[in-house]
>>> print(open('structure22.csv').read())   # CSV, C-alpha atoms
chain,number,residue,atom,x,y,z
A,1,MET,CA,30.3,2.1,16.0
A,2,LYS,CA,26.9,3.6,15.2
A,3,ALA,CA,28.4,5.7,12.4
A,4,VAL,CA,30.0,2.6,10.9
A,5,GLN,CA,26.6,0.8,11.0
A,6,ALA,CA,24.8,3.7,9.4
A,7,ALA,CA,27.4,3.8,6.6
A,8,LYS,CA,26.5,0.1,5.8
A,9,SER,CA,22.8,0.7,5.7
A,10,PRO,CA,21.5,0.3,2.1
A,11,ARG,CA,20.0,3.2,0.2
A,12,VAL,CA,16.4,2.2,-0.5
A,13,LEU,CA,14.1,3.2,-3.3
A,14,VAL,CA,10.5,2.7,-2.2
A,15,VAL,CA,8.0,2.3,-5.0
A,16,ASP,CA,4.3,2.4,-4.0
A,17,VAL,CA,2.3,1.1,-6.9
A,18,GLY,CA,-1.4,2.2,-6.7
A,19,GLY,CA,-4.3,2.1,-9.1
A,20,THR,CA,-4.2,5.8,-9.5
A,21,ASN,CA,-0.5,6.8,-9.1
A,22,VAL,CA,2.9,5.2,-8.7
A,23,LYS,CA,4.8,7.1,-5.9
A,24,MET,CA,8.5,7.0,-5.2
A,25,LEU,CA,10.9,8.1,-2.4
A,26,ALA,CA,14.5,7.2,-1.8
A,27,THR,CA,16.8,7.3,1.2
A,28,GLY,CA,18.0,10.8,1.8
A,29,GLN,CA,15.2,12.4,-0.3
A,30,LYS,CA,12.6,14.7,1.2
A,31,GLU,CA,10.0,15.0,-1.5
A,32,PRO,CA,8.3,11.9,-3.1
A,33,ARG,CA,7.8,11.8,-6.8
A,34,LYS,CA,4.8,10.3,-8.6
A,35,TYR,CA,3.2,9.7,-12.0
A,36,PRO,CA,-0.3,8.4,-13.0
A,37,SER,CA,-0.9,4.7,-13.3
A,38,GLY,CA,-4.2,3.0,-14.3
A,39,PRO,CA,-5.4,0.1,-16.5
A,40,THR,CA,-2.6,0.5,-19.0
A,41,MET,CA,0.2,0.3,-16.4
A,42,THR,CA,2.3,-2.9,-17.0
A,43,PRO,CA,5.3,-3.8,-14.9
A,44,ARG,CA,7.7,-3.1,-17.7
A,45,LYS,CA,6.2,0.3,-18.2
A,46,MET,CA,6.3,1.0,-14.5
A,47,VAL,CA,10.0,0.1,-14.2
A,48,ARG,CA,10.9,2.2,-17.2
A,49,LEU,CA,9.0,5.3,-15.9
A,50,VAL,CA,10.4,4.8,-12.3
A,51,LYS,CA,14.0,4.6,-13.6
A,52,LYS,CA,13.4,7.8,-15.7
A,53,SER,CA,11.8,9.6,-12.8
A,54,VAL,CA,14.6,8.9,-10.3
A,55,ARG,CA,17.6,8.9,-12.6
A,56,ASP,CA,19.2,11.6,-10.3
A,57,TRP,CA,18.7,9.5,-7.1
A,58,LYS,CA,21.1,6.9,-5.9
A,59,PHE,CA,19.8,3.6,-4.4
A,60,ASP,CA,21.1,0.1,-3.7
A,61,CYS,CA,17.8,-1.8,-3.5
A,62,VAL,CA,14.1,-1.4,-4.0
A,63,SER,CA,11.0,-2.0,-1.8
A,64,LEU,CA,8.0,-2.4,-4.0
A,65,GLY,CA,4.4,-2.1,-2.7
A,66,PHE,CA,2.0,-4.0,-5.0
A,67,PRO,CA,-1.8,-3.8,-5.0
A,68,GLY,CA,-2.5,-7.5,-4.6
A,69,PRO,CA,-1.4,-10.7,-2.8
A,70,ILE,CA,2.2,-11.6,-2.7
A,71,ILE,CA,3.6,-15.1,-2.3
A,72,ASN,CA,7.4,-15.7,-2.0
A,73,GLN,CA,8.2,-12.2,-3.2
A,74,HIS,CA,6.0,-12.6,-6.4
A,75,PRO,CA,2.5,-11.3,-7.2
A,76,LEU,CA,0.0,-14.2,-6.9
A,77,ARG,CA,-2.4,-12.8,-9.5
A,78,GLU,CA,-2.8,-9.9,-11.9
A,79,PRO,CA,-4.0,-6.6,-10.2
A,80,HIS,CA,-7.6,-5.5,-10.7
A,81,ASN,CA,-6.8,-1.8,-11.5
A,82,LEU,CA,-3.6,-2.1,-13.6
A,83,GLY,CA,-2.4,-3.7,-16.9
A,84,GLY,CA,-1.3,-7.3,-17.2
A,85,GLY,CA,2.1,-9.1,-17.0
A,86,TRP,CA,2.9,-8.7,-13.3
A,87,VAL,CA,2.8,-12.4,-12.4
A,88,GLY,CA,6.2,-13.9,-13.2
A,89,PHE,CA,7.8,-10.6,-14.0
A,90,ASP,CA,11.5,-10.4,-13.0
A,91,PHE,CA,11.7,-7.2,-11.0
A,92,ARG,CA,15.3,-7.7,-9.9
A,93,LYS,CA,16.5,-8.0,-13.4
A,94,ALA,CA,14.4,-5.1,-14.6
A,95,PHE,CA,15.7,-2.7,-11.8
A,96,GLY,CA,19.2,-4.2,-11.8
A,97,CYS,CA,19.4,-4.5,-8.0
A,98,PRO,CA,17.8,-6.5,-5.2
A,99,VAL,CA,14.0,-6.0,-4.9
A,100,ARG,CA,11.7,-6.9,-2.0
A,101,ILE,CA,8.0,-7.0,-2.9
A,102,ILE,CA,5.1,-6.6,-0.4
A,103,ASN,CA,1.4,-6.0,-0.6
A,104,ASP,CA,0.9,-2.2,-0.7
A,105,ALA,CA,-1.5,-2.1,2.2
A,106,ALA,CA,0.9,-4.2,4.3
A,107,MET,CA,3.7,-1.8,3.5
A,108,GLN,CA,1.6,1.2,4.7
A,109,ALA,CA,0.6,-0.9,7.7
A,110,LEU,CA,4.2,-1.4,8.7
A,111,GLY,CA,4.8,2.3,8.7
A,112,SER,CA,1.6,2.9,10.7
A,113,TYR,CA,2.0,0.4,13.5
A,114,LYS,CA,2.1,1.6,17.1
A,115,GLY,CA,2.0,-1.7,18.9
A,116,GLY,CA,-0.6,-4.2,20.0
A,117,ARG,CA,-3.2,-5.6,17.6
A,118,MET,CA,-3.7,-3.2,14.6
A,119,LEU,CA,-6.0,-3.6,11.7
A,120,PHE,CA,-5.1,-1.5,8.7
A,121,LEU,CA,-7.7,-0.6,6.0
A,122,GLY,CA,-6.4,1.3,2.9
A,123,LEU,CA,-9.2,3.4,1.3
A,124,GLY,CA,-7.9,3.9,-2.2
A,125,THR,CA,-8.8,2.9,-5.7
A,126,GLY,CA,-9.6,-0.5,-4.1
A,127,LEU,CA,-9.6,-1.6,-0.5
A,128,GLY,CA,-6.3,-2.8,1.0
A,129,SER,CA,-6.0,-4.6,4.3
A,130,ALA,CA,-3.4,-6.0,6.7
A,131,MET,CA,-3.1,-6.8,10.3
A,132,ILE,CA,-0.1,-6.6,12.7
A,133,VAL,CA,-0.3,-8.5,16.0
A,134,ASP,CA,2.5,-7.9,18.5
A,135,GLY,CA,4.9,-7.0,15.7
A,136,ILE,CA,4.0,-9.9,13.3
A,137,LEU,CA,2.6,-8.7,9.9
A,138,GLN,CA,-0.2,-10.6,8.2
A,139,PRO,CA,-1.3,-9.3,4.8
A,140,MET,CA,-5.0,-9.8,4.3
A,141,GLU,CA,-7.4,-9.9,1.3
A,142,LEU,CA,-10.7,-8.7,2.9
A,143,ALA,CA,-11.6,-6.5,-0.2
A,144,HIS,CA,-13.4,-9.3,-2.1
A,145,LEU,CA,-15.4,-10.8,0.7
A,146,THR,CA,-19.1,-10.2,0.4
A,147,TYR,CA,-20.4,-7.3,2.5
A,148,LYS,CA,-24.0,-6.6,1.5
A,149,ASN,CA,-26.4,-6.9,-1.4
A,150,GLY,CA,-24.1,-9.4,-3.1
A,151,LYS,CA,-21.4,-6.7,-3.3
A,152,THR,CA,-17.9,-6.8,-1.7
A,153,TYR,CA,-16.3,-4.6,0.9
A,154,GLU,CA,-14.3,-3.1,-2.0
A,155,ASP,CA,-17.5,-2.3,-3.9
A,156,TYR,CA,-18.6,-0.1,-1.1
A,157,LEU,CA,-15.4,1.3,0.4
A,158,GLY,CA,-13.2,1.5,-2.7
A,159,LEU,CA,-13.4,4.3,-5.3
A,160,ARG,CA,-16.3,2.7,-7.1
A,161,GLY,CA,-18.3,2.8,-3.9
A,162,LEU,CA,-17.4,6.4,-3.2
A,163,GLU,CA,-18.5,7.5,-6.6
A,164,ARG,CA,-21.7,5.4,-6.6
A,165,CYS,CA,-22.9,6.2,-3.0
A,166,GLY,CA,-21.6,9.7,-2.6
A,167,LYS,CA,-19.4,10.9,0.3
A,168,LYS,CA,-22.1,10.9,3.0
A,169,LYS,CA,-23.2,7.3,2.5
A,170,TRP,CA,-19.6,6.1,1.8
A,171,ARG,CA,-18.5,7.6,5.2
A,172,LYS,CA,-21.3,5.6,6.9
A,173,HIS,CA,-20.2,2.4,5.3
A,174,VAL,CA,-16.6,3.1,6.3
A,175,ALA,CA,-17.7,3.5,9.9
A,176,THR,CA,-19.8,0.4,9.8
A,177,VAL,CA,-17.2,-1.8,8.3
A,178,ALA,CA,-14.4,-0.5,10.6
A,179,LYS,CA,-16.6,-1.4,13.6
A,180,GLN,CA,-17.5,-4.8,12.3
A,181,LEU,CA,-14.0,-5.8,11.4
A,182,LYS,CA,-12.5,-4.4,14.5
A,183,ALA,CA,-14.8,-6.6,16.6
A,184,ALA,CA,-14.5,-9.7,14.4
A,185,LEU,CA,-10.7,-9.6,14.3
A,186,GLU,CA,-10.3,-8.4,17.9
A,187,ALA,CA,-8.2,-5.5,16.9
A,188,ASP,CA,-7.1,-2.9,19.5
A,189,TYR,CA,-7.4,-0.2,16.9
A,190,VAL,CA,-8.0,0.4,13.2
A,191,VAL,CA,-5.9,2.6,11.1
A,192,LEU,CA,-7.7,4.1,8.1
A,193,GLY,CA,-5.1,4.9,5.4
A,194,GLY,CA,-5.0,5.3,1.6
A,195,GLY,CA,-5.7,8.3,-0.5
A,196,ASN,CA,-9.4,8.6,0.2
A,197,SER,CA,-9.0,8.5,4.0
A,198,LYS,CA,-8.7,12.3,3.9
A,199,LYS,CA,-12.4,12.4,2.8
A,200,LEU,CA,-13.5,11.3,6.2
A,201,LYS,CA,-15.1,14.1,8.3
A,202,MET,CA,-15.2,12.3,11.6
A,203,LEU,CA,-13.2,9.2,12.6
A,204,PRO,CA,-15.3,6.2,13.8
A,205,PRO,CA,-14.6,5.1,17.4
A,206,GLY,CA,-11.5,3.0,17.8
A,207,THR,CA,-9.9,4.3,14.6
A,208,ARG,CA,-7.1,6.7,13.8
A,209,LEU,CA,-6.1,8.3,10.5
A,210,GLY,CA,-3.2,6.9,8.6
A,211,ASN,CA,-0.9,8.8,6.3
A,212,ASN,CA,0.3,7.8,2.8
A,213,GLN,CA,3.8,8.8,3.8
A,214,ASN,CA,3.7,5.8,6.2
A,215,ALA,CA,4.0,3.6,3.1
A,216,PHE,CA,7.5,5.0,2.6
A,217,LEU,CA,8.4,4.4,6.3
A,218,GLY,CA,7.2,0.8,5.9
A,219,GLY,CA,9.2,0.4,2.7
A,220,PHE,CA,12.4,1.7,4.3
A,221,SER,CA,11.9,-0.7,7.3
A,222,MET,CA,11.9,-3.7,5.0
A,223,TRP,CA,15.7,-3.5,4.6
A,224,GLN,CA,16.5,-2.8,8.3
A,225,LYS,CA,18.2,-5.6,10.1
>>> encode(input="structure22.csv", output="structure tokens")
Amino acid sequence: MKAVQAAKSPRVLVVDVGGTNVKMLATGQKEPRKYPSGPTMTPRKMVRLVKKSVRDWKFDCVSLGFPGPIINQHPLREPHNLGGGWVGFDFRKAFGCPVRIINDAAMQALGSYKGGRMLFLGLGTGLGSAMIVDGILQPMELAHLTYKNGKTYEDYLGLRGLERCGKKKWRKHVATVAKQLKAALEADYVVLGGGNSKKLKMLPPGTRLGNNQNAFLGGFSMWQK
């Protein structure tokens, strides 16, 4: 019976769209593939490059992690770190198969969850955030709330903040923000993920390190019944 169920499971292509890279992994594949993104990356260009990059992979559906808020399977607004044209784009038609879209931080949070009340902070080009409480996912947009000196959390914890403050001060801000948000949101623990999380020397109390591979785990889980 289990073998029959496994045979019916869809083959999923997970596409994690970030401000620096677009990363891909499909069911049955061991090594992700990626290519650079950035301010010229439009959805049409992304789909074209993804299709070209994975033309030797077989998949039935797509999980798409998007760096911004998602409403009813569609981007709510244009992303800060990419090109335009994402709002209203027909991803299903472009890929030629069913597509489920989720905030990129929420996708990585899904793959990082170990029960209880978890806050996820994605330290990447920007600052992603999501919370899972007793298995219920809630994508969040903490990045653009004011943190200090008229600047936002993303201004300090995103790539701009890392480059402006330097690693030492940036790490202190990460520790401070993780502590503040953990208390404010009554989280049991905080997962620090995203590409820049590996630049942390010591983990603040109550936190654990995420892994970018968890985004793929979250993407695969989106099609599990």
>>> residues_around(input="structure22.csv", residues="stretch 17-30 of chain A", least_positions_apart="6", cutoff="9 Å", atoms="all atoms listed in the file", output="ChimeraX atom specification")
/A:10-11,36-39,41,46,50,53-54,57-59,62,64-67,79-82,104,124-126,216,220
>>> atom_distance(input="structure22.csv", atom1="atom CA of A:Cys61", atom2="atom CA of A:Leu13")
6.2 Å
>>> closest_residue(input="structure22.csv", among="A:Gly166, A:Gly115, A:Phe120, A:Val12", to="A:Cys97", atoms="all atoms listed in the file")
A:Val12
>>> residues_around(input="structure22.csv", residues="A:Tyr156", least_positions_apart="5", cutoff="9 Å", atoms="only C-alpha atoms", output="VMD selection string")
chain A and resid 147 to 148 151 161 to 162 164 to 165 170 173 to 174
>>> residues_around(input="structure22.csv", residues="A:Leu121", least_positions_apart="4", cutoff="7 Å", atoms="only C-alpha atoms", output="list in words")
Leu127, Gly128, Ser129, Ala130, Val191, Leu192 and Gly193 of chain A
>>> atom_distance(input="structure22.csv", atom1="atom CA of A:Lys201", atom2="atom CA of A:Val177")
16.0 Å
>>> residues_around(input="structure22.csv", residues="A:Met107", least_positions_apart="4", cutoff="8 Å", atoms="only C-alpha atoms", output="NGL selection string")
:A and (65 or 102-103 or 111 or 215-216 or 218-219)
>>> closest_residue(input="structure22.csv", among="A:Leu110, A:Met222, A:Met202, A:Val15", to="A:Phe95", atoms="all atoms listed in the file")
A:Val15
>>> atom_distance(input="structure22.csv", atom1="atom CA of A:Ser112", atom2="atom CA of A:Ser63")
16.4 Å
>>> residues_around(input="structure22.csv", residues="A:Glu78", least_positions_apart="5", cutoff="12 Å", atoms="all atoms listed in the file", output="JSON, numbers by chain")
{"A": [39, 41, 42, 43, 66, 67, 68, 69, 70, 83, 84, 85, 86, 87, 88, 89]}
>>> closest_residue(input="structure22.csv", among="A:Tyr189, A:Pro75, A:Lys198, A:Arg44", to="A:Arg117", atoms="only C-alpha atoms")
A:Tyr189
>>> closest_residue(input="structure22.csv", among="A:Ser221, A:Ile132, A:Tyr153, A:Asn212", to="A:Gln180", atoms="all atoms listed in the file")
A:Tyr153
